[in-house]
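What follows is a single structure, written as structure tokens, with notes after it.
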Number of protein chains: 2
Amino acid sequence: MASPDESVRAIVLAAGLHIPVLLARVEERLATLAASHGPLLAEHAGATIAAGGKRLRPLLVLLAAGSAPDDASELVACAASVELVHSATLVHDDVLDDAPLRRGVPTVWSSGGRMLATATGDLLFSRAFAELAATGRLHAVRALSRASSALAEGELLQRQDAWNAAVPVDRYLYRCELKTARLFEAACELGALAGGAADKEIAGLGAFGRRIGVAFQLLDDVLDVAGSPADTGKPRGTDLLDGTVTLPLILARERDTALAAVDLRGTVTTPRQATSICERIEATGALEDARAQAHAMVVDAKAGLSELALEDGQRRALQLVADSVVDRYA
Amino acid sequence: MASPDESVRAIVLAAGLHIPVLLARVEERLATLAASHGPLLAEHAGATIAAGGKRLRPLLVLLAAGSAPDDASELVACAASVELVHSATLVHDDVLDDAPLRRGVPTVWSSGGRMLATATGDLLFSRAFAELAATGRLHAVRALSRASSALAEGELLQRQDAWNAAVPVDRYLYRCELKTARLFEAACELGALAGGAADKEIAGLGAFGRRIGVAFQLLDDVLDVAGSPADTGKPRGTDLLDGTVTLPLILARERDTALAAVDLRGTVTTPRQATSICERIEATGALEDARAQAHAMVVDAKAGLSELALEDGQRRALQLVADSVVDRYA
């Protein structure tokens, strides 16, 4: 398993040195935007954006665009706008989850309250569209608004499915697509559009993003059940406690009839009970199967790239990103 | 004082019969959008949109466009998108206020919970931009994203100013501009753009919208202090209870030194205490002065219209809308 630093180094080696330069410009742009709406937003949105993590979505935008354009400002705006939508979602999620910390940093919700966090999320959403509209690319605005509608729709579906352990696999996968994969897809489409790709490549790169996005969400859901000993000690089974039924439980219920009969809402209400259900899910082998499904999607995603007219380095870099989605949870 | 029905009839008489036809198409479009994201959204967003009220913002879009265009679909999309942003804000506001009812209809927050309401608001926001992007008018997307950023920024400023009774008038007026007037401005700009207006008329109609928007917010804030005997029995002074300092209190504090010394957060915590402060504000004559400021803005807004190259009926209709903002609170 490659460390994060190694995998970034390998991606840069494949795609070219313009990538870290452009990523640094995206960071600058995000910092400027966070600072441009007064001290309150600068503090709260700035902290969220800074805590945002790996910048996987901006990286996808940049890689999908191919070689460095003469004027990269449009590409930087696209990458920033995708990250702004992602950050807006994180801020609102933290409100909904009453989450005190994200990546060890106090959330906007915990430091500023519900009202501030809701408004901060709304502002980040709006700024994303303002940023993209300024590029003059209507197709890009459309792609991002579709993705952002999908994100919210995914949240709504998850609410609708809450506590329903009998949710079908297809429905679960559709939720993953809405909640996570559509923004990955939009990131790739935006980059391809900005890079002047042909229609086939725009669609193909979008499909790549969607596939690794579903895999990403699936592995995230596996992690919630499997627990992550090397990680921050996040408790196992938080999804179970808020009624979110994911693939590991769906698969495990087919194999363990006693587990299938468990009433989540009635009997899984403490972290200890959640951990115990996680152990029973694990005992059925459902985690391996869920992981295998995610890995198969990543293999598919990588195979799809070979049918597209891409630069060799670009294709290799995108394959490495796909691998990093798997490695992250290996 | 004209009844709402009379004032709508007068506006239609002035502007033309295409207005009610197009307003009906906007309603249809909003209903279609609310129904297009599954039953949960249809129920909750549909209820919010239906309870949305007077459709003042879509009306401004249609009137700013002038005579009926051959193909009105773009205009209808613009009007729908402005109302969607407004509805999104209402849904999020209800979450923040823990409001059980809006116009007598249960809010999304009360019927579906916080999570559902936050996601519903996010979806309405996203759909607004998707709707506008589909029209192919980038200027329109920019105008709406600016307005929508301003709305959120206004909320943030209001949070920042909470409990600060010494907030300056300028700052208060700027908050009104952000929270309310910028969306009125965008509504007029979007209509003018869709109607093919010249730059001077686009800017002038935008300024008209901004002025009546500030007046609208100002009179709304006066109403919160004055109470509205004919109305639904909404309690007086709800703004005071959540720390929102508005023009009546700002003006009254200059005249009543004992009132100026009141610590809102410490001593105004019950509806009865709030009512008592409202009575003291009223006794200073601050309500009349605040109303007079709003009326002066409406006069300014109407005067500005005479400098623009508009159709006579269009100008008269817009003047009637400006009057209706005042009448609403007369």
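Identifiers for the structure tokens are assigned positionally: chains receive A, B, ... in sequence, residues are indexed from 1 per chain, and ligands are indexed from 1 in the order shown.
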
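Contact shell of Ala296 of chain A at 12 Å (only C-alpha atoms; same-chain neighbours under 3 positions omitted): Arg211, Ile212, Val214, Ala215, Phe216, Leu218, Leu219, Asp289, Ala290, Arg291, Ala292, Gln293, Val299, Asp300, Ala301, Lys302, Ala303, Ala322, Asp323 and Val326 of chain A.
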
Atoms to include: N, CA and C atoms. Write the selected residues as an mmCIF file, in the first residue's frame.
```
data_model
loop_
_atom_site.group_PDB
_atom_site.id
_atom_site.type_symbol
_atom_site.label_atom_id
_atom_site.label_comp_id
_atom_site.auth_asym_id
_atom_site.auth_seq_id
_atom_site.Cartn_x
_atom_site.Cartn_y
_atom_site.Cartn_z
ATOM 1 N N ARG A 211 -17.712 6.117 -11.683
ATOM 2 C CA ARG A 211 -17.378 4.776 -11.166
ATOM 3 C C ARG A 211 -16.494 4.844 -9.932
ATOM 4 N N ILE A 212 -15.435 5.650 -10.002
ATOM 5 C CA ILE A 212 -14.583 5.680 -8.805
ATOM 6 C C ILE A 212 -15.305 6.372 -7.646
ATOM 7 N N VAL A 214 -18.557 5.983 -6.880
ATOM 8 C CA VAL A 214 -19.365 4.954 -6.209
ATOM 9 C C VAL A 214 -18.454 4.061 -5.366
ATOM 10 N N ALA A 215 -17.301 3.681 -5.949
ATOM 11 C CA ALA A 215 -16.357 2.834 -5.203
ATOM 12 C C ALA A 215 -15.904 3.536 -3.923
ATOM 13 N N PHE A 216 -15.643 4.816 -4.039
ATOM 14 C CA PHE A 216 -15.201 5.625 -2.906
ATOM 15 C C PHE A 216 -16.234 5.578 -1.773
ATOM 16 N N LEU A 218 -18.656 3.411 -1.369
ATOM 17 C CA LEU A 218 -18.831 2.043 -0.912
ATOM 18 C C LEU A 218 -17.745 1.677 0.118
ATOM 19 N N LEU A 219 -16.503 2.057 -0.202
ATOM 20 C CA LEU A 219 -15.403 1.730 0.712
ATOM 21 C C LEU A 219 -15.503 2.554 2.001
ATOM 22 N N ASP A 289 -16.882 -8.987 0.562
ATOM 23 C CA ASP A 289 -17.675 -8.928 -0.667
ATOM 24 C C ASP A 289 -17.954 -7.490 -1.089
ATOM 25 N N ALA A 290 -18.235 -6.647 -0.112
ATOM 26 C CA ALA A 290 -18.473 -5.239 -0.442
ATOM 27 C C ALA A 290 -17.204 -4.614 -1.002
ATOM 28 N N ARG A 291 -16.066 -4.922 -0.358
ATOM 29 C CA ARG A 291 -14.783 -4.416 -0.881
ATOM 30 C C ARG A 291 -14.540 -4.908 -2.298
ATOM 31 N N ALA A 292 -14.862 -6.179 -2.529
ATOM 32 C CA ALA A 292 -14.634 -6.747 -3.864
ATOM 33 C C ALA A 292 -15.487 -6.012 -4.905
ATOM 34 N N GLN A 293 -16.695 -5.672 -4.550
ATOM 35 C CA GLN A 293 -17.540 -4.914 -5.486
ATOM 36 C C GLN A 293 -16.907 -3.560 -5.810
ATOM 37 N N VAL A 299 -11.618 -1.311 -11.225
ATOM 38 C CA VAL A 299 -11.043 -1.996 -12.399
ATOM 39 C C VAL A 299 -11.789 -1.563 -13.663
ATOM 40 N N ASP A 300 -13.117 -1.549 -13.579
ATOM 41 C CA ASP A 300 -13.953 -1.074 -14.693
ATOM 42 C C ASP A 300 -13.602 0.354 -15.092
ATOM 43 N N ALA A 301 -13.471 1.197 -14.080
ATOM 44 C CA ALA A 301 -13.187 2.611 -14.337
ATOM 45 C C ALA A 301 -11.869 2.751 -15.086
ATOM 46 N N LYS A 302 -10.859 1.993 -14.635
ATOM 47 C CA LYS A 302 -9.548 2.078 -15.276
ATOM 48 C C LYS A 302 -9.603 1.533 -16.701
ATOM 49 N N ALA A 303 -10.358 0.439 -16.871
ATOM 50 C CA ALA A 303 -10.467 -0.160 -18.210
ATOM 51 C C ALA A 303 -11.125 0.831 -19.170
ATOM 52 N N ALA A 322 -7.423 6.366 -9.315
ATOM 53 C CA ALA A 322 -8.379 5.285 -9.079
ATOM 54 C C ALA A 322 -7.819 4.296 -8.051
ATOM 55 N N ASP A 323 -6.545 3.947 -8.211
ATOM 56 C CA ASP A 323 -5.918 3.037 -7.240
ATOM 57 C C ASP A 323 -5.890 3.650 -5.852
ATOM 58 N N VAL A 326 -8.830 2.972 -3.722
ATOM 59 C CA VAL A 326 -8.794 1.655 -3.083
ATOM 60 C C VAL A 326 -7.762 1.635 -1.959
#
```

Should the cut-off be 7 Å, what would the residue list for chain A against chain B look like, counting only C-alpha atoms, as an NGL selection string? :A and (96 or 115-116 or 119-120 or 122-123 or 126-127 or 129-130 or 133 or 136 or 138 or 141-142 or 145-146 or 148-149 or 152-153 or 155-156 or 159)

I'd like the superposed chain B, fitted onto chain A by least squares over all Cα atoms in order, as a short mmCIF file (atom, residue, chain, number, x, y, z; two decimals) with C-alpha atoms, in the first residue's frame.
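Heads up, here's the output in result_13.cif:
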```
data_model
loop_
_atom_site.label_atom_id
_atom_site.label_comp_id
_atom_site.auth_asym_id
_atom_site.auth_seq_id
_atom_site.Cartn_x
_atom_site.Cartn_y
_atom_site.Cartn_z
CA MET B 1 -0.04 0.03 0.04
CA ALA B 2 1.32 3.40 -1.05
CA SER B 3 1.39 6.23 1.48
CA PRO B 4 -0.59 9.35 0.48
CA ASP B 5 2.65 11.23 -0.21
CA GLU B 6 4.00 8.48 -2.43
CA SER B 7 0.78 8.24 -4.39
CA VAL B 8 0.69 12.04 -4.95
CA ARG B 9 4.34 11.90 -6.09
CA ALA B 10 3.56 9.10 -8.53
CA ILE B 11 0.56 11.02 -9.90
CA VAL B 12 2.65 14.15 -10.43
CA LEU B 13 5.41 12.14 -12.11
CA ALA B 14 2.85 10.72 -14.51
CA ALA B 15 0.77 13.82 -15.17
CA GLY B 16 3.40 16.56 -15.06
CA LEU B 17 4.69 19.30 -12.84
CA HIS B 18 1.87 21.65 -13.78
CA ILE B 19 -0.38 19.67 -11.42
CA PRO B 20 1.14 20.77 -8.07
CA VAL B 21 1.46 24.33 -9.43
CA LEU B 22 -2.23 24.41 -10.34
CA LEU B 23 -3.28 22.73 -7.08
CA ALA B 24 -1.44 25.50 -5.24
CA ARG B 25 -3.37 28.07 -7.28
CA VAL B 26 -6.64 26.33 -6.38
CA GLU B 27 -5.69 26.60 -2.68
CA GLU B 28 -4.96 30.30 -3.12
CA ARG B 29 -8.26 30.84 -4.90
CA LEU B 30 -10.18 29.03 -2.15
CA ALA B 31 -8.41 31.07 0.52
CA THR B 32 -9.20 34.30 -1.35
CA LEU B 33 -12.86 33.36 -1.68
CA ALA B 34 -13.10 32.43 1.99
CA ALA B 35 -11.56 35.79 2.92
CA SER B 36 -13.79 37.88 0.63
CA HIS B 37 -16.99 37.86 2.67
CA GLY B 38 -16.01 39.41 5.92
CA PRO B 39 -14.29 38.05 9.00
CA LEU B 40 -17.05 35.65 10.09
CA LEU B 41 -17.01 33.69 6.86
CA ALA B 42 -13.24 33.88 6.65
CA GLU B 43 -13.00 32.24 10.04
CA HIS B 44 -15.62 29.55 9.59
CA ALA B 45 -15.55 28.77 5.89
CA GLY B 46 -11.79 29.15 5.91
CA ALA B 47 -11.49 26.52 8.63
CA THR B 48 -13.79 24.13 6.78
CA ILE B 49 -12.01 24.57 3.48
CA ALA B 50 -8.65 24.22 5.17
CA ALA B 51 -9.81 21.05 6.92
CA GLY B 52 -11.26 19.75 3.66
CA GLY B 53 -8.50 17.28 3.17
CA LYS B 54 -7.12 15.62 0.15
CA ARG B 55 -8.48 17.81 -2.65
CA LEU B 56 -9.35 14.70 -4.58
CA ARG B 57 -12.07 16.47 -6.55
CA PRO B 58 -9.90 19.43 -7.67
CA LEU B 59 -7.19 16.90 -8.61
CA LEU B 60 -9.70 15.09 -10.84
CA VAL B 61 -10.62 18.39 -12.51
CA LEU B 62 -6.96 19.15 -13.25
CA LEU B 63 -6.10 15.64 -14.46
CA ALA B 64 -9.18 15.41 -16.69
CA ALA B 65 -8.05 18.61 -18.43
CA GLY B 66 -4.80 17.02 -19.64
CA SER B 67 -1.69 19.08 -20.28
CA ALA B 68 -1.34 22.55 -18.78
CA PRO B 69 -3.36 25.17 -20.69
CA ASP B 70 -1.79 28.53 -21.60
CA ASP B 71 -4.28 30.34 -19.40
CA ALA B 72 -5.15 28.12 -16.47
CA SER B 73 -7.48 30.54 -14.69
CA GLU B 74 -10.62 28.85 -16.01
CA LEU B 75 -9.36 25.45 -14.96
CA VAL B 76 -8.48 26.76 -11.50
CA ALA B 77 -11.97 28.27 -11.17
CA CYS B 78 -13.56 24.94 -12.14
CA ALA B 79 -11.48 23.05 -9.59
CA ALA B 80 -12.25 25.63 -6.89
CA SER B 81 -15.99 25.54 -7.62
CA VAL B 82 -16.15 21.75 -7.26
CA GLU B 83 -14.32 21.94 -3.93
CA LEU B 84 -16.66 24.74 -2.78
CA VAL B 85 -19.71 22.56 -3.41
CA HIS B 86 -18.00 19.73 -1.54
CA SER B 87 -17.17 22.06 1.38
CA ALA B 88 -20.75 23.38 1.45
CA THR B 89 -22.00 19.83 1.77
CA LEU B 90 -19.55 19.11 4.58
CA VAL B 91 -20.68 22.18 6.52
CA HIS B 92 -24.34 21.19 6.19
CA ASP B 93 -23.57 17.56 7.02
CA ASP B 94 -21.84 18.64 10.22
CA VAL B 95 -24.94 20.62 11.19
CA LEU B 96 -27.09 17.56 10.59
CA ASP B 97 -24.79 15.25 12.45
CA ASP B 98 -24.13 17.67 15.31
CA ALA B 99 -20.47 16.86 14.59
CA PRO B 100 -18.00 18.66 16.89
CA LEU B 101 -14.86 17.89 14.87
CA ARG B 102 -13.89 17.21 11.25
CA ARG B 103 -10.34 16.00 10.70
CA GLY B 104 -9.52 17.19 14.19
CA VAL B 105 -10.66 20.76 13.52
CA PRO B 106 -13.81 22.14 15.22
CA THR B 107 -16.70 22.23 12.71
CA VAL B 108 -18.51 25.47 11.84
CA TRP B 109 -21.50 23.99 13.60
CA SER B 110 -19.61 23.51 16.87
CA SER B 111 -17.72 26.83 16.81
CA GLY B 112 -20.43 29.07 15.34
CA GLY B 113 -23.73 27.32 15.85
CA ARG B 114 -26.40 25.97 13.58
CA MET B 115 -27.47 29.24 12.04
CA LEU B 116 -23.98 30.29 11.12
CA ALA B 117 -23.18 26.87 9.69
CA THR B 118 -26.32 26.75 7.56
CA ALA B 119 -25.64 30.23 6.18
CA THR B 120 -21.96 29.41 5.63
CA GLY B 121 -22.91 26.32 3.63
CA ASP B 122 -25.39 28.34 1.58
CA LEU B 123 -22.75 30.94 0.88
CA LEU B 124 -20.20 28.34 -0.22
CA PHE B 125 -22.83 26.85 -2.57
CA SER B 126 -23.61 30.24 -4.04
CA ARG B 127 -19.95 31.14 -4.42
CA ALA B 128 -19.35 27.89 -6.30
CA PHE B 129 -21.86 28.91 -8.95
CA ALA B 130 -20.62 32.49 -9.04
CA GLU B 131 -17.08 31.18 -9.55
CA LEU B 132 -18.14 28.93 -12.38
CA ALA B 133 -20.42 31.48 -14.03
CA ALA B 134 -17.45 33.85 -14.16
CA THR B 135 -15.61 31.37 -16.41
CA GLY B 136 -18.24 31.90 -19.07
CA ARG B 137 -18.85 28.16 -19.53
CA LEU B 138 -22.50 27.38 -19.40
CA HIS B 139 -21.92 23.66 -19.83
CA ALA B 140 -19.82 23.74 -16.69
CA VAL B 141 -22.56 25.51 -14.72
CA ARG B 142 -25.02 22.88 -15.91
CA ALA B 143 -22.76 19.99 -14.93
CA LEU B 144 -22.19 21.43 -11.47
CA SER B 145 -25.84 22.26 -10.84
CA ARG B 146 -26.82 18.72 -11.84
CA ALA B 147 -24.23 17.31 -9.44
CA SER B 148 -25.25 19.62 -6.67
CA SER B 149 -28.94 18.71 -7.12
CA ALA B 150 -27.91 15.05 -6.99
CA LEU B 151 -26.03 15.54 -3.72
CA ALA B 152 -29.08 16.97 -2.04
CA GLU B 153 -31.35 14.37 -3.58
CA GLY B 154 -29.01 11.66 -2.26
CA GLU B 155 -29.35 13.09 1.24
CA LEU B 156 -33.12 13.08 0.87
CA LEU B 157 -33.19 9.45 -0.31
CA GLN B 158 -30.96 8.46 2.58
CA ARG B 159 -33.46 10.08 4.95
CA GLN B 160 -36.32 8.32 3.21
CA ASP B 161 -34.52 4.97 3.53
CA ALA B 162 -33.50 5.52 7.14
CA TRP B 163 -33.99 2.46 9.39
CA ASN B 164 -35.15 0.38 6.45
CA ALA B 165 -32.76 -2.57 6.65
CA ALA B 166 -34.52 -4.23 3.70
CA VAL B 167 -33.41 -1.56 1.24
CA PRO B 168 -32.40 -3.21 -2.10
CA VAL B 169 -28.77 -3.14 -3.31
CA ASP B 170 -29.73 -1.17 -6.43
CA ARG B 171 -31.30 1.52 -4.37
CA TYR B 172 -28.24 1.68 -2.12
CA LEU B 173 -25.93 2.00 -5.14
CA TYR B 174 -28.13 4.72 -6.61
CA ARG B 175 -27.82 6.63 -3.34
CA CYS B 176 -24.00 6.32 -3.56
CA GLU B 177 -24.17 7.66 -7.07
CA LEU B 178 -26.24 10.68 -6.03
CA LYS B 179 -24.46 11.42 -2.76
CA THR B 180 -20.89 11.05 -3.97
CA ALA B 181 -20.32 9.88 -7.50
CA ARG B 182 -22.10 12.65 -9.38
CA LEU B 183 -19.73 15.28 -8.01
CA PHE B 184 -16.74 13.13 -9.01
CA GLU B 185 -18.35 12.84 -12.44
CA ALA B 186 -18.86 16.59 -12.66
CA ALA B 187 -15.24 17.20 -11.61
CA CYS B 188 -14.02 15.08 -14.52
CA GLU B 189 -16.49 16.65 -16.95
CA LEU B 190 -15.53 20.18 -15.91
CA GLY B 191 -11.85 19.42 -16.37
CA ALA B 192 -12.43 17.77 -19.74
CA LEU B 193 -14.54 20.72 -20.88
CA ALA B 194 -11.93 23.24 -19.77
CA GLY B 195 -9.21 21.20 -21.48
CA GLY B 196 -11.11 21.29 -24.76
CA ALA B 197 -11.75 17.52 -24.91
CA ALA B 198 -14.04 15.98 -27.54
CA ASP B 199 -17.56 14.85 -26.60
CA LYS B 200 -16.54 11.18 -26.36
CA GLU B 201 -13.72 12.00 -23.95
CA ILE B 202 -15.91 14.32 -21.86
CA ALA B 203 -18.50 11.56 -21.45
CA GLY B 204 -15.85 8.88 -20.90
CA LEU B 205 -14.01 10.87 -18.26
CA GLY B 206 -17.36 11.61 -16.59
CA ALA B 207 -18.11 7.88 -16.47
CA PHE B 208 -14.66 7.26 -14.98
CA GLY B 209 -15.39 9.79 -12.24
CA ARG B 210 -18.78 8.30 -11.52
CA ARG B 211 -17.37 4.77 -11.17
CA ILE B 212 -14.57 5.68 -8.80
CA GLY B 213 -17.03 7.88 -6.90
CA VAL B 214 -19.36 4.96 -6.21
CA ALA B 215 -16.36 2.83 -5.19
CA PHE B 216 -15.19 5.63 -2.90
CA GLN B 217 -18.56 5.80 -1.12
CA LEU B 218 -18.83 2.04 -0.91
CA LEU B 219 -15.40 1.73 0.72
CA ASP B 220 -16.24 4.58 3.06
CA ASP B 221 -19.31 2.64 4.16
CA VAL B 222 -17.23 -0.52 4.61
CA LEU B 223 -14.82 1.46 6.79
CA ASP B 224 -17.65 2.57 9.05
CA VAL B 225 -18.39 -1.08 9.82
CA ALA B 226 -14.84 -2.44 9.75
CA GLY B 227 -13.41 0.30 11.90
CA SER B 228 -10.00 1.67 11.21
CA PRO B 229 -7.45 0.76 13.86
CA ALA B 230 -4.77 3.02 12.35
CA ASP B 231 -7.21 5.92 12.17
CA THR B 232 -8.41 8.53 14.65
CA GLY B 233 -10.35 6.05 16.73
CA LYS B 234 -13.66 6.98 15.11
CA PRO B 235 -16.25 4.62 16.60
CA ARG B 236 -17.57 1.74 14.48
CA GLY B 237 -21.14 1.67 13.27
CA THR B 238 -22.01 5.38 13.32
CA ASP B 239 -24.10 4.78 10.19
CA LEU B 240 -26.12 2.13 12.03
CA LEU B 241 -26.83 4.53 14.87
CA ASP B 242 -28.39 7.11 12.57
CA GLY B 243 -30.31 4.51 10.60
CA THR B 244 -28.20 4.60 7.44
CA VAL B 245 -28.26 1.11 5.96
CA THR B 246 -25.25 0.40 3.72
CA LEU B 247 -23.97 -2.47 1.59
CA PRO B 248 -22.23 -4.48 4.36
CA LEU B 249 -25.46 -4.80 6.33
CA ILE B 250 -27.52 -5.45 3.19
CA LEU B 251 -25.21 -8.34 2.23
CA ALA B 252 -24.86 -9.65 5.78
CA ARG B 253 -28.63 -9.84 6.26
CA GLU B 254 -28.82 -12.31 3.36
CA ARG B 255 -26.46 -14.62 5.21
CA ASP B 256 -27.41 -14.26 8.85
CA THR B 257 -31.14 -14.64 9.39
CA ALA B 258 -30.90 -13.59 13.02
CA LEU B 259 -29.17 -10.38 11.92
CA ALA B 260 -31.87 -9.89 9.30
CA ALA B 261 -34.46 -9.90 12.07
CA VAL B 262 -32.75 -7.17 14.12
CA ASP B 263 -34.80 -4.00 14.51
CA LEU B 264 -32.16 -1.30 14.11
CA ARG B 265 -34.18 1.56 15.49
CA GLY B 266 -35.35 -0.38 18.51
CA THR B 267 -32.23 -2.27 19.54
CA VAL B 268 -29.18 -0.48 18.14
CA THR B 269 -29.07 2.71 20.09
CA THR B 270 -25.69 2.73 21.85
CA PRO B 271 -22.14 2.67 20.44
CA ARG B 272 -21.64 -0.69 22.15
CA GLN B 273 -24.66 -2.22 20.46
CA ALA B 274 -23.50 -0.76 17.14
CA THR B 275 -20.04 -2.31 17.57
CA SER B 276 -21.62 -5.66 18.30
CA ILE B 277 -23.70 -5.49 15.09
CA CYS B 278 -20.55 -4.49 13.18
CA GLU B 279 -18.83 -7.63 14.48
CA ARG B 280 -21.73 -9.79 13.36
CA ILE B 281 -21.70 -8.16 9.91
CA GLU B 282 -17.97 -8.80 9.69
CA ALA B 283 -18.42 -12.45 10.69
CA THR B 284 -20.61 -13.08 7.61
CA GLY B 285 -17.82 -12.11 5.22
CA ALA B 286 -19.95 -9.23 3.89
CA LEU B 287 -17.09 -6.75 4.24
CA GLU B 288 -14.85 -8.69 1.84
CA ASP B 289 -17.69 -8.95 -0.66
CA ALA B 290 -18.48 -5.24 -0.43
CA ARG B 291 -14.77 -4.42 -0.88
CA ALA B 292 -14.63 -6.76 -3.88
CA GLN B 293 -17.56 -4.91 -5.48
CA ALA B 294 -15.75 -1.60 -5.01
CA HIS B 295 -12.52 -2.99 -6.43
CA ALA B 296 -14.37 -4.34 -9.46
CA MET B 297 -15.77 -0.85 -10.09
CA VAL B 298 -12.28 0.64 -9.95
CA VAL B 299 -11.05 -2.00 -12.42
CA ASP B 300 -13.95 -1.08 -14.72
CA ALA B 301 -13.19 2.61 -14.35
CA LYS B 302 -9.54 2.07 -15.30
CA ALA B 303 -10.45 -0.16 -18.23
CA GLY B 304 -12.80 2.54 -19.55
CA LEU B 305 -9.89 4.98 -19.75
CA SER B 306 -8.10 2.83 -22.34
CA GLU B 307 -10.90 3.49 -24.83
CA LEU B 308 -10.42 7.25 -24.64
CA ALA B 309 -8.05 9.46 -26.59
CA LEU B 310 -5.96 10.72 -23.65
CA GLU B 311 -2.33 11.61 -23.24
CA ASP B 312 -0.35 8.64 -21.88
CA GLY B 313 0.75 10.48 -18.74
CA GLN B 314 -2.80 11.71 -18.15
CA ARG B 315 -4.21 8.19 -18.41
CA ARG B 316 -1.59 6.82 -16.05
CA ALA B 317 -2.22 9.58 -13.53
CA LEU B 318 -5.97 8.94 -13.58
CA GLN B 319 -5.35 5.22 -13.08
CA LEU B 320 -3.21 6.06 -10.07
CA VAL B 321 -6.00 8.20 -8.64
CA ALA B 322 -8.38 5.27 -9.09
CA ASP B 323 -5.91 3.03 -7.25
CA SER B 324 -5.56 5.59 -4.48
CA VAL B 325 -9.31 5.35 -3.83
CA VAL B 326 -8.80 1.65 -3.10
CA ASP B 327 -5.47 2.11 -1.29
CA ARG B 328 -6.98 4.64 1.05
CA TYR B 329 -9.00 1.85 2.59
CA ALA B 330 -6.57 -1.05 2.12
#
```

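Secondary structure by DSSP on the backbone puts the following residues of segment 97-322 of chain B in strand (DSSP E): Leu101, Arg102, Val105 and Pro106 of chain B.
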
Expected file: the selected residues, N, CA and C atoms, as a tab-separated table (two decimals), in the first residue's frame:
```
chain	number	residue	atom	x	y	z
B	101	LEU	N	-44.81	26.60	11.63
B	101	LEU	CA	-45.76	26.94	10.57
B	101	LEU	C	-45.21	28.10	9.73
B	102	ARG	N	-45.56	28.10	8.44
B	102	ARG	CA	-45.33	29.27	7.59
B	102	ARG	C	-46.59	29.48	6.79
B	105	VAL	N	-49.14	26.75	7.06
B	105	VAL	CA	-48.82	25.40	6.58
B	105	VAL	C	-47.62	24.91	7.37
B	106	PRO	N	-47.61	23.62	7.80
B	106	PRO	CA	-46.44	23.11	8.53
B	106	PRO	C	-45.17	23.28	7.70
```

Can you tell me, as a PyMOL selection string, which residues in segment 152-209 of chain A count as helix (DSSP H, G or I) by DSSP? chain A and resi 152-160+169-194+199-209
